[in-house]
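Text of the file coords_23.csv, holding CSV, C-alpha atoms and all ligand atoms:
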```csv
chain,number,residue,atom,x,y,z
A,1,MET,CA,-20.8,-12.9,-28.3
A,2,ASP,CA,-23.8,-11.8,-26.2
A,3,GLY,CA,-24.5,-15.4,-25.3
A,4,GLU,CA,-24.0,-17.0,-28.7
A,5,PHE,CA,-21.2,-18.7,-30.5
A,6,VAL,CA,-20.6,-16.8,-33.8
A,7,ARG,CA,-17.9,-16.7,-36.4
A,8,SER,CA,-15.5,-13.8,-35.8
A,9,SER,CA,-16.6,-12.3,-39.2
A,10,ASP,CA,-20.2,-12.2,-37.8
A,11,ALA,CA,-19.2,-10.6,-34.5
A,12,LYS,CA,-20.1,-7.1,-35.6
A,13,VAL,CA,-20.3,-3.9,-33.5
A,14,SER,CA,-21.8,-0.6,-34.4
A,15,VAL,CA,-19.6,2.4,-35.4
A,16,LEU,CA,-21.7,4.3,-32.9
A,17,SER,CA,-20.6,2.1,-30.0
A,18,HIS,CA,-20.0,4.1,-26.9
A,19,ALA,CA,-16.9,2.1,-26.2
A,20,LEU,CA,-15.4,3.1,-29.6
A,21,HIS,CA,-15.9,6.8,-28.9
A,22,TYR,CA,-15.3,7.0,-25.2
A,23,GLY,CA,-13.3,3.9,-24.2
A,24,THR,CA,-16.1,2.5,-22.1
A,25,GLY,CA,-15.2,-1.1,-21.9
A,26,VAL,CA,-13.1,-3.5,-19.9
A,27,PHE,CA,-11.1,-6.5,-21.1
A,28,GLU,CA,-8.7,-9.3,-20.2
A,29,GLY,CA,-5.8,-11.0,-21.7
A,30,ILE,CA,-5.4,-14.7,-20.9
A,31,ARG,CA,-3.1,-17.4,-22.2
A,32,ALA,CA,-3.7,-21.1,-22.8
A,33,TYR,CA,-0.8,-23.4,-23.1
A,34,ALA,CA,-0.8,-26.6,-25.2
A,35,HIS,CA,1.0,-29.6,-23.8
A,36,SER,CA,0.5,-33.2,-22.7
A,37,GLU,CA,-2.2,-33.6,-25.4
A,38,ASN,CA,-4.4,-31.0,-23.9
A,39,VAL,CA,-4.7,-27.2,-23.6
A,40,TYR,CA,-4.5,-25.5,-20.2
A,41,ILE,CA,-5.8,-22.0,-19.4
A,42,PHE,CA,-3.5,-20.2,-17.0
A,43,ARG,CA,-5.2,-18.7,-13.9
A,44,LEU,CA,-8.5,-18.4,-15.7
A,45,LYS,CA,-10.5,-17.7,-12.6
A,46,GLU,CA,-8.2,-14.9,-11.4
A,47,HIS,CA,-8.4,-13.2,-14.8
A,48,ILE,CA,-12.2,-13.4,-14.9
A,49,GLU,CA,-12.4,-12.1,-11.3
A,50,ARG,CA,-10.3,-9.1,-12.4
A,51,LEU,CA,-12.6,-8.6,-15.4
A,52,LYS,CA,-15.6,-8.5,-13.0
A,53,ASN,CA,-13.7,-6.0,-10.7
A,54,SER,CA,-12.7,-3.8,-13.7
A,55,ALA,CA,-16.4,-3.8,-14.8
A,56,LYS,CA,-17.6,-2.8,-11.4
A,57,ILE,CA,-15.1,0.0,-11.1
A,58,CYS,CA,-16.1,1.4,-14.5
A,59,TYR,CA,-19.9,1.1,-14.2
A,60,VAL,CA,-20.0,-1.6,-16.8
A,61,ASP,CA,-22.8,-4.0,-15.8
A,62,LEU,CA,-21.5,-7.5,-16.3
A,63,LYS,CA,-24.2,-9.9,-15.4
A,64,ASN,CA,-22.5,-13.1,-16.2
A,65,SER,CA,-21.0,-14.9,-13.2
A,66,VAL,CA,-17.3,-15.8,-12.9
A,67,ASP,CA,-18.2,-19.5,-13.3
A,68,ASP,CA,-20.3,-18.8,-16.4
A,69,LEU,CA,-17.5,-16.8,-18.1
A,70,CYS,CA,-14.9,-19.4,-17.2
A,71,SER,CA,-16.9,-22.4,-18.6
A,72,THR,CA,-17.8,-20.4,-21.7
A,73,THR,CA,-14.1,-19.7,-22.3
A,74,VAL,CA,-13.3,-23.4,-21.9
A,75,GLU,CA,-16.1,-24.3,-24.4
A,76,LEU,CA,-15.0,-21.7,-26.9
A,77,ILE,CA,-11.5,-23.2,-27.1
A,78,ALA,CA,-12.9,-26.6,-27.5
A,79,ARG,CA,-15.4,-25.6,-30.2
A,80,ASN,CA,-12.5,-24.0,-32.1
A,81,GLU,CA,-10.6,-27.2,-31.6
A,82,MET,CA,-7.6,-25.2,-30.6
A,83,ARG,CA,-4.6,-27.4,-29.9
A,84,CYS,CA,-1.9,-24.6,-29.8
A,85,GLN,CA,-0.7,-21.8,-27.6
A,86,THR,CA,-3.8,-19.5,-27.5
A,87,TYR,CA,-4.5,-15.9,-26.4
A,88,ILE,CA,-8.0,-15.3,-25.0
A,89,ARG,CA,-9.5,-11.8,-25.1
A,90,PRO,CA,-12.7,-11.3,-23.2
A,91,ILE,CA,-14.1,-7.8,-23.7
A,92,VAL,CA,-17.2,-6.2,-22.1
A,93,PHE,CA,-18.2,-2.9,-23.6
A,94,LYS,CA,-20.9,-0.3,-24.1
A,95,GLY,CA,-22.8,-0.4,-27.3
A,96,ILE,CA,-25.0,2.2,-29.0
A,97,GLY,CA,-25.8,5.0,-26.6
A,98,GLY,CA,-25.9,8.3,-28.4
A,99,ILE,CA,-23.6,11.1,-27.4
A,100,ASP,CA,-24.6,11.1,-23.7
A,101,LEU,CA,-21.4,10.3,-21.8
A,102,ASN,CA,-23.2,8.5,-19.0
A,103,PRO,CA,-22.6,4.8,-19.7
A,104,VAL,CA,-25.0,3.4,-17.1
A,105,LYS,CA,-28.0,3.0,-19.4
A,106,VAL,CA,-26.1,2.1,-22.5
A,107,PRO,CA,-26.5,-1.6,-23.4
A,108,THR,CA,-23.5,-3.8,-22.5
A,109,HIS,CA,-22.0,-6.4,-24.9
A,110,VAL,CA,-19.9,-9.3,-23.8
A,111,ALA,CA,-17.5,-11.1,-26.2
A,112,ILE,CA,-14.8,-13.6,-25.8
A,113,CYS,CA,-12.3,-13.9,-28.7
A,114,LEU,CA,-9.4,-16.3,-29.3
A,115,PHE,CA,-6.4,-16.5,-31.5
A,116,LYS,CA,-3.2,-18.5,-31.9
A,117,PHE,CA,-0.4,-16.7,-30.1
A,118,GLU,CA,3.2,-17.5,-29.5
A,119,SER,CA,5.2,-14.5,-28.4
A,120,TYR,CA,4.6,-10.7,-28.0
A,121,PHE,CA,8.2,-9.8,-28.7
A,122,GLU,CA,10.4,-11.4,-31.4
A,123,LYS,CA,13.5,-10.7,-29.2
A,124,SER,CA,14.6,-12.5,-26.0
A,125,GLY,CA,15.7,-9.4,-24.2
A,126,LEU,CA,14.5,-5.7,-24.5
A,127,ASP,CA,16.0,-2.3,-25.0
A,128,THR,CA,13.7,0.1,-23.1
A,129,CYS,CA,13.3,3.8,-22.3
A,130,VAL,CA,11.6,5.8,-19.6
A,131,SER,CA,8.6,7.3,-21.3
A,132,SER,CA,8.0,11.0,-21.6
A,133,TRP,CA,4.4,10.2,-20.7
A,134,ARG,CA,3.3,9.4,-17.2
A,135,ARG,CA,1.1,6.4,-16.3
A,136,ILE,CA,-2.5,7.3,-15.7
A,137,SER,CA,-3.3,8.1,-12.1
A,138,ASP,CA,-6.0,7.1,-9.6
A,139,VAL,CA,-7.0,10.8,-9.3
A,140,SER,CA,-8.4,10.7,-12.9
A,141,THR,CA,-9.0,7.1,-14.0
A,142,PRO,CA,-8.3,4.1,-11.8
A,143,PRO,CA,-5.2,2.1,-13.1
A,144,MET,CA,-6.4,-0.9,-11.3
A,145,ALA,CA,-9.2,-1.4,-13.8
A,146,LYS,CA,-8.2,-3.0,-17.1
A,147,ALA,CA,-10.3,-0.5,-19.1
A,148,CYS,CA,-10.2,0.1,-22.9
A,149,GLY,CA,-9.8,3.8,-22.6
A,150,HIS,CA,-6.7,3.4,-20.4
A,151,TYR,CA,-4.8,1.9,-23.2
A,152,LEU,CA,-4.5,5.2,-25.1
A,153,ASN,CA,-1.9,6.0,-22.4
A,154,SER,CA,-0.1,2.7,-23.2
A,155,ALA,CA,-0.5,3.1,-26.9
A,156,ILE,CA,1.1,6.6,-27.2
A,157,ALA,CA,3.9,5.6,-24.8
A,158,LYS,CA,4.6,2.5,-26.9
A,159,ALA,CA,4.5,4.4,-30.2
A,160,GLU,CA,6.9,7.0,-28.9
A,161,ALA,CA,9.3,4.3,-27.6
A,162,CYS,CA,9.3,2.3,-30.8
A,163,LEU,CA,9.6,5.4,-33.0
A,164,ASN,CA,12.7,6.3,-31.0
A,165,GLY,CA,14.2,2.8,-31.6
A,166,TYR,CA,13.3,1.1,-28.3
A,167,ASP,CA,11.3,-2.1,-27.8
A,168,GLU,CA,9.3,-1.0,-24.9
A,169,ALA,CA,8.6,2.0,-22.6
A,170,ILE,CA,8.7,2.2,-18.8
A,171,LEU,CA,6.2,4.7,-17.4
A,172,LEU,CA,6.6,6.7,-14.2
A,173,ASP,CA,3.6,7.4,-12.1
A,174,SER,CA,2.4,11.0,-11.5
A,175,ASN,CA,4.8,11.3,-8.6
A,176,GLY,CA,7.8,10.4,-10.8
A,177,LEU,CA,8.2,6.9,-9.3
A,178,VAL,CA,8.5,3.8,-11.5
A,179,SER,CA,5.2,2.3,-12.3
A,180,GLU,CA,5.2,-0.3,-15.1
A,181,GLY,CA,5.5,-1.0,-18.8
A,182,THR,CA,2.8,-0.3,-21.4
A,183,GLY,CA,1.4,-3.8,-21.0
A,184,GLU,CA,3.7,-5.3,-18.3
A,185,ASN,CA,4.7,-5.0,-14.7
A,186,ILE,CA,8.3,-4.5,-13.9
A,187,PHE,CA,10.7,-6.1,-11.4
A,188,ILE,CA,14.3,-5.1,-10.7
A,189,VAL,CA,16.9,-7.2,-8.9
A,190,LYS,CA,19.2,-5.5,-6.3
A,191,ASP,CA,21.5,-7.3,-4.0
A,192,GLY,CA,19.8,-10.7,-4.6
A,193,LYS,CA,16.3,-9.3,-3.8
A,194,LEU,CA,13.4,-8.8,-6.2
A,195,VAL,CA,11.9,-5.3,-6.0
A,196,THR,CA,8.7,-4.3,-7.7
A,197,PRO,CA,6.4,-1.2,-7.4
A,198,PRO,CA,3.4,-1.6,-5.1
A,199,PRO,CA,-0.3,-1.5,-6.3
A,200,THR,CA,-0.4,2.2,-5.2
A,201,ALA,CA,2.2,3.1,-7.9
A,202,SER,CA,-0.6,3.2,-10.5
A,203,ILE,CA,0.1,-0.3,-11.7
A,204,LEU,CA,-2.4,-2.9,-13.1
A,205,ASN,CA,-2.2,-5.6,-10.5
A,206,GLY,CA,-0.8,-8.2,-12.8
A,207,ILE,CA,-1.5,-11.9,-12.4
A,208,THR,CA,1.9,-12.8,-13.8
A,209,ARG,CA,3.3,-10.3,-11.2
A,210,ASP,CA,1.5,-12.2,-8.5
A,211,THR,CA,2.7,-15.5,-9.9
A,212,VAL,CA,6.3,-14.4,-9.9
A,213,ILE,CA,6.0,-13.1,-6.3
A,214,LYS,CA,4.7,-16.5,-5.2
A,215,LEU,CA,7.3,-18.5,-7.2
A,216,ALA,CA,10.1,-16.3,-5.8
A,217,SER,CA,9.1,-17.0,-2.3
A,218,GLU,CA,9.0,-20.7,-3.2
A,219,MET,CA,12.6,-20.2,-4.4
A,220,HIS,CA,13.5,-18.5,-1.1
A,221,VAL,CA,14.1,-15.2,-2.9
A,222,GLN,CA,13.0,-12.1,-1.0
A,223,VAL,CA,10.5,-9.9,-2.8
A,224,VAL,CA,10.0,-6.3,-1.7
A,225,GLU,CA,7.0,-4.3,-2.9
A,226,ARG,CA,8.1,-0.7,-2.6
A,227,ASN,CA,8.4,2.6,-4.5
A,228,ILE,CA,11.3,2.6,-7.0
A,229,ALA,CA,13.1,5.8,-8.0
A,230,ARG,CA,14.0,6.3,-11.6
A,231,ALA,CA,17.7,6.2,-11.1
A,232,GLU,CA,17.4,2.8,-9.4
A,233,LEU,CA,16.5,1.4,-12.8
A,234,TYR,CA,19.9,2.4,-14.1
A,235,THR,CA,21.9,0.9,-11.3
A,236,CYS,CA,20.0,-2.4,-10.6
A,237,ASP,CA,21.6,-5.8,-11.2
A,238,GLU,CA,18.8,-7.2,-13.3
A,239,ALA,CA,15.4,-6.1,-14.6
A,240,PHE,CA,12.5,-7.9,-16.2
A,241,PHE,CA,8.9,-7.4,-17.3
A,242,THR,CA,6.0,-9.7,-16.4
A,243,GLY,CA,2.7,-10.1,-18.2
A,244,THR,CA,0.4,-12.5,-19.8
A,245,ALA,CA,1.6,-11.6,-23.3
A,246,VAL,CA,5.4,-11.3,-22.4
A,247,GLU,CA,5.5,-13.9,-19.6
A,248,VAL,CA,8.9,-13.2,-18.0
A,249,MET,CA,10.9,-10.9,-20.3
A,250,PRO,CA,14.5,-9.7,-19.6
A,251,ILE,CA,15.3,-6.0,-19.9
A,252,LEU,CA,18.8,-5.5,-21.3
A,253,THR,CA,19.0,-1.7,-21.4
A,254,ILE,CA,17.1,1.2,-20.0
A,255,ASP,CA,17.7,4.7,-21.5
A,256,LYS,CA,20.9,3.3,-23.1
A,257,ARG,CA,22.3,2.1,-19.8
A,258,GLN,CA,23.3,-1.5,-19.9
A,259,ILE,CA,21.7,-3.6,-17.1
A,260,GLY,CA,24.1,-6.1,-15.5
A,261,ASP,CA,26.3,-7.6,-18.2
A,262,GLY,CA,23.7,-6.8,-20.9
A,263,GLU,CA,22.3,-10.3,-21.0
A,264,MET,CA,19.5,-12.0,-19.1
A,265,GLY,CA,20.4,-12.0,-15.4
A,266,VAL,CA,20.9,-15.2,-13.5
A,267,LEU,CA,17.9,-14.7,-11.1
A,268,THR,CA,15.7,-13.6,-14.0
A,269,GLY,CA,16.7,-16.8,-15.8
A,270,ARG,CA,15.8,-18.9,-12.8
A,271,ILE,CA,12.5,-17.2,-12.4
A,272,LYS,CA,11.7,-17.5,-16.1
A,273,ALA,CA,12.6,-21.2,-16.1
A,274,PHE,CA,10.4,-21.9,-13.0
A,275,PHE,CA,7.5,-19.9,-14.6
A,276,SER,CA,7.8,-22.0,-17.7
A,277,GLU,CA,7.8,-25.2,-15.6
A,278,VAL,CA,4.6,-24.1,-13.9
A,279,THR,CA,2.8,-23.1,-17.2
A,280,SER,CA,4.0,-26.4,-18.7
A,281,GLY,CA,2.2,-28.3,-15.9
A,282,ASN,CA,5.4,-29.8,-14.4
A,283,VAL,CA,4.9,-28.4,-10.9
A,284,GLU,CA,2.2,-30.4,-9.1
A,285,LYS,CA,1.8,-27.7,-6.4
A,286,TYR,CA,0.5,-25.2,-9.0
A,287,SER,CA,-1.5,-27.5,-11.1
A,288,SER,CA,-4.7,-25.8,-9.9
A,289,TRP,CA,-3.6,-22.7,-11.8
A,290,LEU,CA,-4.1,-24.7,-15.1
A,291,THR,CA,-7.6,-25.3,-16.3
A,292,PRO,CA,-7.6,-28.3,-18.7
A,293,VAL,CA,-9.9,-27.7,-21.7
A,294,TYR,CA,-10.4,-31.1,-23.0
A,295,ALA,CA,-10.3,-33.1,-19.7
A,296,THR,CA,-13.0,-30.7,-18.3
A,297,LEU,CA,-15.2,-31.4,-21.3
A,298,VAL,CA,-14.7,-35.1,-21.0
A,299,LYS,CA,-15.9,-34.9,-17.3
A,300,GLU,CA,-18.9,-32.7,-18.3
A,301,ALA,CA,-19.6,-34.9,-21.3
A,302,ARG,CA,-21.4,-37.4,-19.1
A,303,SER,CA,-24.3,-35.0,-18.6
A,304,ASP,CA,-24.1,-33.2,-21.9
A,305,PRO,CA,-23.8,-35.3,-25.1
A,306,ALA,CA,-23.5,-32.2,-27.3
A,307,ILE,CA,-20.2,-31.3,-25.6
A,308,ALA,CA,-19.0,-34.9,-25.6
A,309,THR,CA,-18.5,-34.7,-29.3
A,310,LEU,CA,-16.3,-31.7,-29.0
A,311,SER,CA,-13.8,-33.5,-26.8
A,312,SER,CA,-13.4,-36.5,-29.2
B,401,LIG,N1,0.2,-3.7,-16.8
B,401,LIG,C1,-0.6,-3.5,-17.8
B,401,LIG,C2,-0.9,-2.1,-18.2
B,401,LIG,C3,-1.1,-4.5,-18.6
B,401,LIG,O1,-1.8,-4.3,-19.7
B,401,LIG,C4,-0.8,-5.8,-18.3
B,401,LIG,C5,-1.3,-7.0,-19.1
B,401,LIG,N2,-2.5,-7.4,-18.7
B,401,LIG,C6,0.0,-6.1,-17.1
B,401,LIG,C7,0.5,-5.0,-16.4
B,401,LIG,C8,0.3,-7.5,-16.7
B,401,LIG,O2,-0.8,-8.1,-16.2
B,401,LIG,P1,-1.0,-9.7,-16.3
B,401,LIG,O3,0.2,-10.3,-15.7
B,401,LIG,O4,-2.2,-9.9,-15.5
B,401,LIG,O5,-1.2,-10.0,-17.7
```

Output the file's structure in the form of structure tokens.
Ligand code: PMP
Amino acid sequence: MDGEFVRSSDAKVSVLSHALHYGTGVFEGIRAYAHSENVYIFRLKEHIERLKNSAKICYVDLKNSVDDLCSTTVELIARNEMRCQTYIRPIVFKGIGGIDLNPVKVPTHVAICLFKFESYFEKSGLDTCVSSWRRISDVSTPPMAKACGHYLNSAIAKAEACLNGYDEAILLDSNGLVSEGTGENIFIVKDGKLVTPPPTASILNGITRDTVIKLASEMHVQVVERNIARAELYTCDEAFFTGTAVEVMPILTIDKRQIGDGEMGVLTGRIKAFFSEVTSGNVEKYSSWLTPVYATLVKEARSDPAIATLSS
């Protein structure tokens, strides 16, 4: 936190933090996978680049470079001796700044947190609803930024969905077109093609979404980025969410309409399996998406004996 490694119990913030009152912060959610006697961070650079872009959009001055934040994340996992599936949460937020809404002169804090993390949902397929809330729109706050304040929109949609007995909500954009889940992008399958809303449908440009688009093309499956009407959700052949937390997660029902035969679709299953092969390091072509924690340290250890002890 703010350039030092501290215990989470010592990572304290003021109750007067601007971010707490006004949502003036940006964050990321990143996964690290444990296998082959190492821990691999998935698409670390892309996540940190998105963090930098979110900060820029929201006037949050993040001085640390992408390389600096990436290497600190690697070191943090090693210092904690994590050898398990891990969730990484970098957050850059505005501290004590009085009641003035202008965040520009308010001091910025940077923290990276870690915790052991397996799965976001306990189920292997989801019952969903279309939310009565609309996804935030670019005319008020930019959905492309992963900003703290934006998640009130997700939180109330999620709460409403869960209180009504669903696992997850699907939000429409301000034009009534399909946007995304509360913390996931959405894909539907129609006539063998994957269809997903474009970045202009108020989505967060998901890194898992991008991964699935690339893997689908590798599988010779056509992907179409286009607007999706609400009723298309009810009549699609398959549907699934993508996201760092949920990975590839089948949608079984939407507003009580069964999707396909009510089980994970065939194409969804193939994409989920390929995604898992990639994150498990079994696909050479995509090995550059995986940053090894301990091997990196062994390499660096030659010039830094303090780090060398961490990798042993
Ligand atoms: N949309 C929202 C609102 C999200 O919070 C997330 C999770 N970061 C996603 C989509 C999926 O993005 P990613 O695949 O990069 O995790």

Give me, as JSON lines, the closest atom pair and its distance (Å, one decimal) for every residue of region 251-275 of chain A within a cut-off of 9 Å of region 230-235 of chain A, counting all atoms listed in the file, rows sorted by chain and rising number.
```
{"residue": "A:Thr253", "atom": "CA", "partner": "A:Tyr234", "partner_atom": "CA", "distance": 8.4}
{"residue": "A:Ile254", "atom": "CA", "partner": "A:Tyr234", "partner_atom": "CA", "distance": 6.6}
{"residue": "A:Asp255", "atom": "CA", "partner": "A:Tyr234", "partner_atom": "CA", "distance": 8.1}
{"residue": "A:Arg257", "atom": "CA", "partner": "A:Tyr234", "partner_atom": "CA", "distance": 6.2}
{"residue": "A:Gln258", "atom": "CA", "partner": "A:Tyr234", "partner_atom": "CA", "distance": 7.8}
{"residue": "A:Ile259", "atom": "CA", "partner": "A:Tyr234", "partner_atom": "CA", "distance": 6.9}
{"residue": "A:Gly260", "atom": "CA", "partner": "A:Thr235", "partner_atom": "CA", "distance": 8.5}
```

Quick one: what's the axis-aligned box for ligand LIG 401 (chain B), all listed atoms, 4 Å on every side, centre and edges in Å to one decimal, as lines of an AutoDock Vina configuration file?
```
center_x = -1.0
center_y = -6.2
center_z = -17.6
size_x = 11.0
size_y = 16.2
size_z = 12.2
```

Counting all atoms listed in the file, which residues in chain A sit no more than 7 Å from ligand LIG 401 (chain B)? For each one, give the nearest pair of atoms and the distance in Å, sorted by chain then residue number, as JSON lines.
```
{"residue": "A:Glu28", "atom": "CA", "partner": "B:LIG401", "partner_atom": "N2", "distance": 6.7}
{"residue": "A:Gly29", "atom": "CA", "partner": "B:LIG401", "partner_atom": "N2", "distance": 5.7}
{"residue": "A:Ser154", "atom": "CA", "partner": "B:LIG401", "partner_atom": "C2", "distance": 7.0}
{"residue": "A:Glu180", "atom": "CA", "partner": "B:LIG401", "partner_atom": "N1", "distance": 6.3}
{"residue": "A:Gly181", "atom": "CA", "partner": "B:LIG401", "partner_atom": "N1", "distance": 6.3}
{"residue": "A:Thr182", "atom": "CA", "partner": "B:LIG401", "partner_atom": "C2", "distance": 5.2}
{"residue": "A:Gly183", "atom": "CA", "partner": "B:LIG401", "partner_atom": "O1", "distance": 3.5}
{"residue": "A:Glu184", "atom": "CA", "partner": "B:LIG401", "partner_atom": "C7", "distance": 3.7}
{"residue": "A:Asn185", "atom": "CA", "partner": "B:LIG401", "partner_atom": "C7", "distance": 4.5}
{"residue": "A:Ile203", "atom": "CA", "partner": "B:LIG401", "partner_atom": "N1", "distance": 6.1}
{"residue": "A:Leu204", "atom": "CA", "partner": "B:LIG401", "partner_atom": "N1", "distance": 4.6}
{"residue": "A:Asn205", "atom": "CA", "partner": "B:LIG401", "partner_atom": "O2", "distance": 6.4}
{"residue": "A:Gly206", "atom": "CA", "partner": "B:LIG401", "partner_atom": "O2", "distance": 3.4}
{"residue": "A:Ile207", "atom": "CA", "partner": "B:LIG401", "partner_atom": "O4", "distance": 3.8}
{"residue": "A:Thr208", "atom": "CA", "partner": "B:LIG401", "partner_atom": "O3", "distance": 3.6}
{"residue": "A:Arg209", "atom": "CA", "partner": "B:LIG401", "partner_atom": "O3", "distance": 5.5}
{"residue": "A:Thr242", "atom": "CA", "partner": "B:LIG401", "partner_atom": "O3", "distance": 5.9}
{"residue": "A:Gly243", "atom": "CA", "partner": "B:LIG401", "partner_atom": "O3", "distance": 3.5}
{"residue": "A:Thr244", "atom": "CA", "partner": "B:LIG401", "partner_atom": "O5", "distance": 3.6}
{"residue": "A:Ala245", "atom": "CA", "partner": "B:LIG401", "partner_atom": "O5", "distance": 6.5}
```

Residue nearest Tyr33 (chain A) among A:Asp261, A:Trp289, A:Val13, A:Arg135 (counting all atoms listed in the file):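 Counting all atoms listed in the file, the residue closest to Tyr33 (chain A) is A:Trp289.
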
Spatial neighbours of region 14-26 of chain A, 10 Å, all atoms listed in the file, chain gap at least 2 places, as number ranges by chain: A: 12, 28, 50-60, 62, 90-103, 106-110, 145-152

Closest of A:Ser119, A:Asn80, A:Asn175, A:Thr291 to Ala32 (chain A) - atom-to-atom distances counting all atoms listed in the file: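 Ranking A:Ser119, A:Asn80, A:Asn175, A:Thr291 by distance to Ala32 (chain A), first place goes to A:Thr291.
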
Local residues around (0.5, -25.7, -21.9), at most 12 Å away, using all atoms listed in the file, as a PyMOL selection string: chain A and resi 31-42+82-87+118+275-282+287+289-293

Atomic distance CA of Gly262 (chain A) - CA of Ala169 (chain A), expressed in Å with one decimal: 17.6 Å
